[in-house]
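This is work-v9.csv. It holds CSV, C-alpha atoms.
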```csv
chain,number,residue,atom,x,y,z
O,1,ARG,CA,-9.1,11.1,-6.2
O,2,VAL,CA,-12.8,11.5,-6.2
O,3,VAL,CA,-13.0,12.9,-2.7
O,4,SER,CA,-10.0,15.2,-3.2
O,5,GLY,CA,-11.5,16.6,-6.3
O,6,VAL,CA,-14.7,17.5,-4.6
O,7,VAL,CA,-12.9,18.9,-1.5
O,8,ALA,CA,-10.6,21.0,-3.7
O,9,GLY,CA,-13.5,22.3,-5.7
O,10,ARG,CA,-15.4,23.5,-2.6
O,11,TRP,CA,-12.7,24.4,-0.1
O,12,GLY,CA,-9.5,24.8,-2.0
O,13,TRP,CA,-6.4,22.6,-2.4
O,14,ARG,CA,-5.0,23.3,1.0
O,15,ALA,CA,-8.0,21.5,2.6
O,16,VAL,CA,-7.0,18.4,0.6
O,17,TYR,CA,-3.5,18.3,2.0
O,18,LEU,CA,-4.7,19.0,5.5
O,19,GLY,CA,-7.2,16.2,5.3
O,20,ALA,CA,-4.6,13.9,3.8
O,21,ALA,CA,-2.2,14.7,6.7
O,22,VAL,CA,-4.8,13.9,9.3
O,23,VAL,CA,-5.9,10.6,7.6
O,24,GLY,CA,-2.2,9.6,7.1
O,25,ALA,CA,-1.4,10.1,10.8
O,26,GLY,CA,-4.5,8.2,11.9
O,27,TYR,CA,-3.7,5.4,9.4
O,28,GLY,CA,-0.1,5.2,10.7
O,29,VAL,CA,-1.3,4.7,14.3
O,30,TRP,CA,-3.8,2.0,13.2
O,31,ILE,CA,-1.1,0.1,11.2
O,32,TRP,CA,1.3,0.3,14.1
O,33,ARG,CA,-1.3,-1.2,16.4
O,34,ALA,CA,-2.9,-3.7,14.1
O,35,LEU,CA,-0.2,-5.3,11.9
O,36,PRO,CA,1.2,-8.5,13.3
O,37,GLY,CA,4.9,-9.1,13.9
O,38,PHE,CA,6.9,-11.8,12.2
O,39,ALA,CA,10.4,-13.2,12.5
O,40,GLY,CA,13.0,-12.0,10.0
O,41,THR,CA,14.9,-14.3,7.7
O,42,THR,CA,18.3,-12.7,8.1
O,43,ASN,CA,20.5,-11.2,10.9
O,44,LEU,CA,22.1,-8.6,8.6
O,45,GLY,CA,22.3,-5.0,9.8
O,46,TYR,CA,20.4,-2.3,8.0
O,47,GLY,CA,23.3,-1.1,6.0
O,48,ALA,CA,24.3,-4.6,5.0
O,49,LEU,CA,20.7,-5.2,3.9
O,50,LEU,CA,20.7,-2.1,1.7
O,51,ALA,CA,24.0,-3.2,0.2
O,52,SER,CA,22.7,-6.7,-0.5
O,53,MET,CA,20.0,-5.3,-2.7
O,54,GLY,CA,22.7,-4.4,-5.2
O,55,THR,CA,23.9,-8.0,-5.1
O,56,ILE,CA,20.4,-9.2,-5.7
O,57,TRP,CA,20.1,-6.8,-8.7
O,58,ARG,CA,23.2,-8.0,-10.3
O,59,ARG,CA,22.4,-11.7,-9.7
O,60,HIS,CA,19.0,-11.9,-11.3
O,61,GLY,CA,18.2,-10.9,-14.9
O,62,ARG,CA,14.5,-11.4,-14.4
O,63,LEU,CA,14.6,-8.8,-11.6
O,64,ARG,CA,16.3,-6.3,-13.8
O,65,LEU,CA,13.7,-6.7,-16.6
O,66,ALA,CA,10.9,-6.4,-14.1
O,67,VAL,CA,12.4,-3.3,-12.6
O,68,GLY,CA,12.9,-1.6,-16.0
O,69,SER,CA,9.5,-2.5,-17.4
O,70,LEU,CA,7.6,-1.4,-14.3
O,71,ALA,CA,9.5,1.8,-13.8
O,72,LEU,CA,8.7,2.8,-17.4
O,73,LEU,CA,5.0,1.9,-16.9
O,74,GLY,CA,5.2,4.2,-13.9
O,75,VAL,CA,6.4,7.0,-16.1
O,76,ALA,CA,3.4,6.5,-18.4
O,77,PHE,CA,0.9,6.1,-15.5
O,78,SER,CA,2.0,9.2,-13.6
O,79,GLY,CA,2.5,11.2,-16.7
O,80,TYR,CA,-1.2,10.8,-17.4
O,81,TRP,CA,-2.7,11.2,-14.0
O,82,SER,CA,-0.5,14.1,-12.8
O,83,VAL,CA,-1.5,16.4,-15.7
O,84,LEU,CA,-5.0,15.2,-16.3
O,85,ALA,CA,-6.5,18.2,-14.3
O,86,LEU,CA,-4.5,20.6,-16.4
O,87,VAL,CA,-5.6,19.0,-19.6
O,88,LEU,CA,-9.3,19.0,-18.5
O,89,ALA,CA,-9.1,22.7,-17.6
O,90,ARG,CA,-7.2,23.8,-20.7
O,91,GLU,CA,-8.9,21.7,-23.3
O,92,LEU,CA,-12.4,21.1,-21.9
O,93,GLY,CA,-12.9,23.9,-19.4
O,94,LEU,CA,-13.5,21.4,-16.5
O,95,GLY,CA,-12.4,21.9,-12.9
O,96,SER,CA,-11.0,19.7,-10.1
O,97,GLU,CA,-14.3,18.0,-9.4
O,98,ALA,CA,-14.3,16.6,-12.9
O,99,ALA,CA,-10.7,15.5,-12.6
O,100,GLY,CA,-11.4,13.8,-9.3
O,101,ALA,CA,-14.3,11.9,-10.9
O,102,PHE,CA,-11.9,10.2,-13.2
O,103,GLY,CA,-10.8,8.2,-10.1
O,104,LEU,CA,-14.0,6.2,-10.6
O,105,ALA,CA,-12.8,5.2,-14.1
O,106,GLY,CA,-9.4,4.3,-12.8
O,107,ALA,CA,-10.9,2.3,-9.9
O,108,VAL,CA,-12.3,-0.1,-12.5
O,109,GLY,CA,-8.7,-1.2,-13.1
O,110,ALA,CA,-8.4,-2.3,-9.5
O,111,VAL,CA,-10.3,-5.5,-10.4
O,112,ALA,CA,-7.2,-6.5,-12.3
O,113,ALA,CA,-5.3,-7.5,-9.2
O,114,PRO,CA,-7.1,-10.8,-8.5
O,115,LEU,CA,-7.6,-11.5,-12.2
O,116,ALA,CA,-3.9,-11.0,-12.9
O,117,GLY,CA,-3.0,-13.3,-10.0
O,118,ARG,CA,-5.1,-16.1,-11.5
O,119,MET,CA,-3.8,-15.4,-15.0
O,120,ALA,CA,-0.2,-15.5,-13.7
O,121,ASP,CA,-0.9,-18.9,-12.1
O,122,ARG,CA,-2.4,-20.3,-15.2
O,123,ARG,CA,-0.3,-18.8,-18.0
O,124,GLY,CA,2.8,-17.7,-16.1
O,125,PRO,CA,3.8,-14.3,-14.8
O,126,VAL,CA,6.0,-13.4,-17.7
O,127,SER,CA,3.3,-13.9,-20.3
O,128,THR,CA,0.8,-12.0,-18.1
O,129,ALA,CA,3.2,-9.1,-17.7
O,130,LYS,CA,3.7,-8.9,-21.4
O,131,MET,CA,-0.1,-8.8,-21.9
O,132,GLY,CA,-0.4,-6.1,-19.3
O,133,CYS,CA,2.3,-4.0,-21.0
O,134,GLY,CA,0.6,-4.5,-24.4
O,135,VAL,CA,-2.8,-3.3,-23.0
O,136,VAL,CA,-1.2,-0.2,-21.6
O,137,LEU,CA,0.5,0.6,-24.9
O,138,ALA,CA,-2.6,0.0,-26.9
O,139,SER,CA,-4.7,2.3,-24.6
O,140,PHE,CA,-2.2,5.2,-24.7
O,141,ALA,CA,-1.8,4.8,-28.5
O,142,THR,CA,-5.5,5.8,-28.9
O,143,LEU,CA,-4.8,9.2,-27.4
O,144,TRP,CA,-3.5,10.2,-30.8
O,145,LEU,CA,-7.1,10.3,-31.9
O,146,TRP,CA,-7.6,13.5,-29.9
O,147,PRO,CA,-7.4,16.1,-32.7
O,148,TRP,CA,-10.2,14.4,-34.6
O,149,LEU,CA,-12.7,14.2,-31.8
O,150,GLY,CA,-15.2,16.7,-30.4
O,151,ALA,CA,-15.5,17.7,-26.8
O,152,SER,CA,-17.8,14.8,-25.8
O,153,GLY,CA,-15.6,12.3,-27.7
O,154,ARG,CA,-12.5,13.6,-26.0
O,155,LEU,CA,-14.0,13.3,-22.6
O,156,GLY,CA,-15.1,9.7,-23.4
O,157,LEU,CA,-11.6,8.9,-24.8
O,158,LEU,CA,-10.0,10.1,-21.5
O,159,ALA,CA,-12.4,8.0,-19.4
O,160,ALA,CA,-11.9,4.9,-21.6
O,161,VAL,CA,-8.1,5.2,-21.6
O,162,ALA,CA,-8.1,5.6,-17.8
O,163,VAL,CA,-10.1,2.3,-17.4
O,164,VAL,CA,-8.0,0.3,-19.9
O,165,PHE,CA,-4.5,1.5,-19.0
O,166,ASP,CA,-5.2,1.2,-15.2
O,167,PHE,CA,-6.2,-2.4,-15.8
O,168,GLY,CA,-3.1,-3.0,-17.8
O,169,VAL,CA,-0.8,-1.4,-15.2
O,170,GLN,CA,-2.4,-3.3,-12.4
O,171,THR,CA,-2.0,-6.6,-14.3
O,172,ALA,CA,1.7,-5.9,-15.1
O,173,ALA,CA,2.5,-4.8,-11.6
O,174,VAL,CA,1.1,-7.9,-10.0
O,175,SER,CA,2.8,-10.1,-12.6
O,176,HIS,CA,6.1,-8.4,-12.1
O,177,GLN,CA,5.9,-8.8,-8.3
O,178,THR,CA,5.3,-12.5,-8.8
O,179,ILE,CA,8.4,-12.7,-11.0
O,180,VAL,CA,10.5,-10.8,-8.4
O,181,TYR,CA,9.2,-13.0,-5.5
O,182,GLY,CA,10.3,-16.1,-7.4
O,183,ALA,CA,13.8,-14.7,-8.2
O,184,GLU,CA,15.2,-15.2,-4.6
O,185,PRO,CA,12.5,-16.4,-2.2
O,186,GLU,CA,14.6,-16.0,0.9
O,187,ALA,CA,15.0,-12.3,0.1
O,188,ARG,CA,11.6,-11.4,-1.2
O,189,SER,CA,11.3,-8.2,0.8
O,190,ARG,CA,14.6,-6.9,-0.5
O,191,ALA,CA,13.8,-7.8,-4.1
O,192,ASN,CA,10.4,-6.2,-3.8
O,193,ALA,CA,12.1,-3.1,-2.3
O,194,VAL,CA,14.2,-2.8,-5.5
O,195,LEU,CA,11.1,-3.2,-7.7
O,196,ILE,CA,8.9,-0.7,-5.8
O,197,THR,CA,11.7,1.9,-5.5
O,198,ALA,CA,12.2,1.8,-9.2
O,199,LEU,CA,8.4,2.1,-9.7
O,200,PHE,CA,8.3,5.3,-7.6
O,201,VAL,CA,11.3,6.8,-9.4
O,202,GLY,CA,9.3,6.2,-12.6
O,203,LEU,CA,6.2,7.8,-11.1
O,204,ALA,CA,8.2,10.9,-10.1
O,205,ALA,CA,9.8,11.1,-13.5
O,206,GLY,CA,6.4,10.8,-15.2
O,207,SER,CA,5.0,13.7,-13.2
O,208,ALA,CA,8.0,15.9,-14.1
O,209,VAL,CA,8.2,14.9,-17.8
O,210,GLY,CA,4.4,15.0,-18.3
O,211,GLY,CA,4.1,18.5,-16.9
O,212,VAL,CA,6.9,19.8,-19.2
O,213,ALA,CA,5.4,18.0,-22.2
O,214,VAL,CA,2.0,19.5,-21.7
O,215,ALA,CA,3.5,23.0,-21.1
O,216,ARG,CA,5.5,22.9,-24.3
O,217,TRP,CA,3.5,20.8,-26.7
O,218,GLY,CA,0.0,20.6,-25.3
O,219,TRP,CA,-2.0,17.4,-25.4
O,220,MET,CA,0.1,15.7,-28.1
O,221,GLY,CA,3.1,16.1,-25.9
O,222,LEU,CA,1.4,14.1,-23.2
O,223,ALA,CA,0.3,11.5,-25.7
O,224,GLY,CA,3.9,11.2,-26.9
O,225,VAL,CA,5.3,10.8,-23.3
O,226,THR,CA,2.7,8.1,-22.3
O,227,THR,CA,2.9,6.2,-25.5
O,228,GLY,CA,6.6,6.3,-25.7
O,229,ALA,CA,7.1,5.2,-22.1
O,230,ALA,CA,4.6,2.3,-22.6
O,231,ALA,CA,6.3,1.2,-25.8
O,232,ALA,CA,9.7,1.2,-24.0
O,233,ALA,CA,8.2,-0.8,-21.1
O,234,THR,CA,6.8,-3.4,-23.6
O,235,ALA,CA,10.2,-3.6,-25.4
O,236,VAL,CA,12.0,-4.2,-22.1
O,237,ARG,CA,9.5,-6.9,-21.1
O,238,TRP,CA,10.1,-8.7,-24.4
O,239,ALA,CA,13.9,-8.5,-24.1
O,240,PRO,CA,15.8,-11.7,-23.5
O,241,GLU,CA,16.6,-12.5,-19.9
O,242,ARG,CA,20.4,-12.5,-19.0
O,243,GLY,CA,21.8,-13.6,-15.7
```
Rewrite the coordinates I just gave you, this time as structure tokens.
Amino acid sequence: RVVSGVVAGRWGWRAVYLGAAVVGAGYGVWIWRALPGFAGTTNLGYGALLASMGTIWRRHGRLRLAVGSLALLGVAFSGYWSVLALVLARELGLGSEAAGAFGLAGAVGAVAAPLAGRMADRRGPVSTAKMGCGVVLASFATLWLWPWLGASGRLGLLAAVAVVFDFGVQTAAVSHQTIVYGAEPEARSRANAVLITALFVGLAAGSAVGGVAVARWGWMGLAGVTTGAAAAATAVRWAPERG
């Protein structure tokens, strides 16, 4: 985010996509050469593997709760990040370089991954996932303070929210993956595929809904989308497990 903000500010958005394409191609070659091979745990064909993910979904209530909660967190996460540049430009008169700099704030949340793993081991992944969802909800709820703040206060609010909710999302994501891995250990890759697919559906939906909300209702529309999605994710995480 930081690099792309600087590049877009100096050379335009097309340079960002060109650079991303080059880096992605190089990274793909490196992964192909560097990643080790390992033996599969099943002899099912590709089509049968895809069909079996539906069976895994129906079999495990803990997987369904994890999928629903993480997908909704994806809506909130992407709803914020995808329209941040528009909000900064419209509300505070800042450009892409400032939007990119928010990547530094969000990067602080990356420290949550090892912490969340240790917390999940100590307190259990379900409790840790609930805590992560609660942190995300609390951080987005503070966005409703926007109308009563000045320019510097609004900028500080955006940065603080980015740090806190990124931490919460990372915590919830790691915890939900731990839950999913334990649902059916012999089919971890397939269970994880269901979880991550749902997450990216949520991320795509958040980008679409967030853009519409800002276009129609401005900042408070975005606050409503992110807070509502985080609240729904928290409610799903607290729902009783069935199946």
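Counting all atoms listed in the file, O:Val212 has the following residues at most 12 Å away, ignoring those fewer than 6 positions along the same chain: Gly79, Ser82, Val83, Leu86, Ala205, Gly206, Gly218, Trp219, Met220, Gly221, Leu222, Gly224 and Val225 of chain O.
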Spatial neighbours of O:Gly5, 9 Å, only C-alpha atoms, chain gap at least 5 places, as JSON, numbers by chain: {"O": [10, 13, 16, 95, 96, 97, 98, 99, 100, 101]}
With the cut-off set at 9 Å and counting all atoms listed in the file, tabulate each residue of stretch 78-151 of chain O with an atom at most that distance from an atom of stretch 161-178 of chain O, showing the nearest atom pair and its distance in Å to one decimal, ordered by chain and increasing number, as a Markdown table.
```
| residue | atom | partner | partner_atom | distance |
| --- | --- | --- | --- | --- |
| O:Tyr80 | CA | O:Ala162 | CA | 8.6 |
| O:Trp81 | CA | O:Ala162 | CA | 8.7 |
| O:Phe102 | CA | O:Ala162 | CA | 7.5 |
| O:Gly103 | CA | O:Ala162 | CA | 8.6 |
| O:Leu104 | CA | O:Val163 | CA | 8.8 |
| O:Ala105 | CA | O:Val163 | CA | 5.2 |
| O:Gly106 | CA | O:Val163 | CA | 5.1 |
| O:Ala107 | CA | O:Val163 | CA | 7.5 |
| O:Val108 | CA | O:Val163 | CA | 5.9 |
| O:Gly109 | CA | O:Phe167 | CA | 3.9 |
| O:Ala110 | CA | O:Phe167 | CA | 6.7 |
| O:Val111 | CA | O:Phe167 | CA | 7.5 |
| O:Ala112 | CA | O:Phe167 | CA | 5.5 |
| O:Ala113 | CA | O:Gln170 | CA | 6.0 |
| O:Pro114 | CA | O:Thr171 | CA | 8.8 |
| O:Leu115 | CA | O:Thr171 | CA | 7.7 |
| O:Ala116 | CA | O:Thr171 | CA | 5.0 |
| O:Gly117 | CA | O:Val174 | CA | 6.8 |
| O:Met119 | CA | O:Ser175 | CA | 8.8 |
| O:Ala120 | CA | O:Ser175 | CA | 6.3 |
| O:Gly124 | CA | O:Ser175 | CA | 8.4 |
| O:Pro125 | CA | O:Ser175 | CA | 4.8 |
| O:Val126 | CA | O:Ser175 | CA | 6.9 |
| O:Ser127 | CA | O:Ser175 | CA | 8.6 |
| O:Thr128 | CA | O:Ser175 | CA | 6.2 |
| O:Ala129 | CA | O:Ala172 | CA | 4.4 |
| O:Lys130 | CA | O:Ala172 | CA | 7.3 |
| O:Met131 | CA | O:Ala172 | CA | 7.6 |
| O:Gly132 | CA | O:Gly168 | CA | 4.4 |
| O:Cys133 | CA | O:Ala172 | CA | 6.2 |
| O:Gly134 | CA | O:Gly168 | CA | 7.7 |
| O:Val135 | CA | O:Gly168 | CA | 5.2 |
| O:Val136 | CA | O:Phe165 | CA | 4.5 |
| O:Leu137 | CA | O:Phe165 | CA | 7.8 |
| O:Ala138 | CA | O:Phe165 | CA | 8.3 |
| O:Ser139 | CA | O:Val161 | CA | 5.4 |
| O:Phe140 | CA | O:Val161 | CA | 6.7 |
| O:Thr142 | CA | O:Val161 | CA | 7.8 |
| O:Leu143 | CA | O:Val161 | CA | 7.8 |
```
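The environment of O:Gly68 within 9 Å, counting only C-alpha atoms and disregarding residues fewer than 6 places along the same chain, consists of Leu195, Ala198, Leu199, Ala233, Val236 and Arg237 of chain O.
Atom CA of O:Tyr181 to atom CA of O:Ala231 spans 24.9 Å [interatomic distance, one decimal].
Each of O:Thr55, O:Glu91, O:Asn192, O:Ala76 was compared to O:Pro147 using all atoms listed in the file, and O:Glu91 turns out to be the nearest.
Using all atoms listed in the file, the nearest neighbour of O:Met53 within the list O:Ala8, O:Leu157, O:Ala204, O:Ala187 is O:Ala187.
Shell of O:Ala151 at 9 Å, with all atoms listed in the file counted and residues fewer than 4 places along the chain excluded, is Glu91, Leu92, Leu155 and Gly156 of chain O.
Taking atom CA of O:Arg242 and atom CA of O:Gly61 as endpoints, the distance between them is 4.9 Å.
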Rank O:Ile56, O:Ala51, O:Ala193, O:Ala85 by their smallest atom-to-atom distance to O:Arg1, using all atoms listed in the file, and report the top residue only. O:Ala85
Determine the axis-aligned bounding box of all atoms of stretch 170-183 of chain O present in the file, pad each side by 5 Å, and express its centre and edge lengths in Å to one decimal place as JSON.
```
{"center_x": 5.7, "center_y": -9.7, "center_z": -10.3, "size_x": 26.2, "size_y": 22.8, "size_z": 19.6}
```
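Counting from atom CA of O:Glu241, the distance to atom CA of O:Leu203 is 24.4 Å.
Residues in contact with O:Ala232 at 8 Å, where all atoms listed in the file are counted and same-chain residues fewer than 3 positions away are skipped, are listed as Ser69, Leu72, Gly228, Ala229, Ala235 and Val236 of chain O.
Distances from O:Gly74, O:Gly93, O:Gly12, O:Gly182 to O:His60 were compared using all atoms listed in the file, and the smallest one belongs to O:Gly182.
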Taking only residues of stretch 184-226 of chain O that have an atom at most 10 Å from an atom of stretch 38-49 of chain O, what is each one's shortest atom pair and its distance in Å to one decimal, using only C-alpha atoms, in chain and number order, as JSON lines?
```
{"residue": "O:Glu186", "atom": "CA", "partner": "O:Thr41", "partner_atom": "CA", "distance": 7.0}
{"residue": "O:Ala187", "atom": "CA", "partner": "O:Thr41", "partner_atom": "CA", "distance": 7.9}
{"residue": "O:Arg188", "atom": "CA", "partner": "O:Thr41", "partner_atom": "CA", "distance": 9.9}
{"residue": "O:Ser189", "atom": "CA", "partner": "O:Thr41", "partner_atom": "CA", "distance": 9.9}
{"residue": "O:Arg190", "atom": "CA", "partner": "O:Leu49", "partner_atom": "CA", "distance": 7.7}
```
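The closest residue to O:Leu145, picked from O:Ala213, O:Leu73, O:Ala223, O:Ala230 and counting all atoms listed in the file, is O:Ala223.
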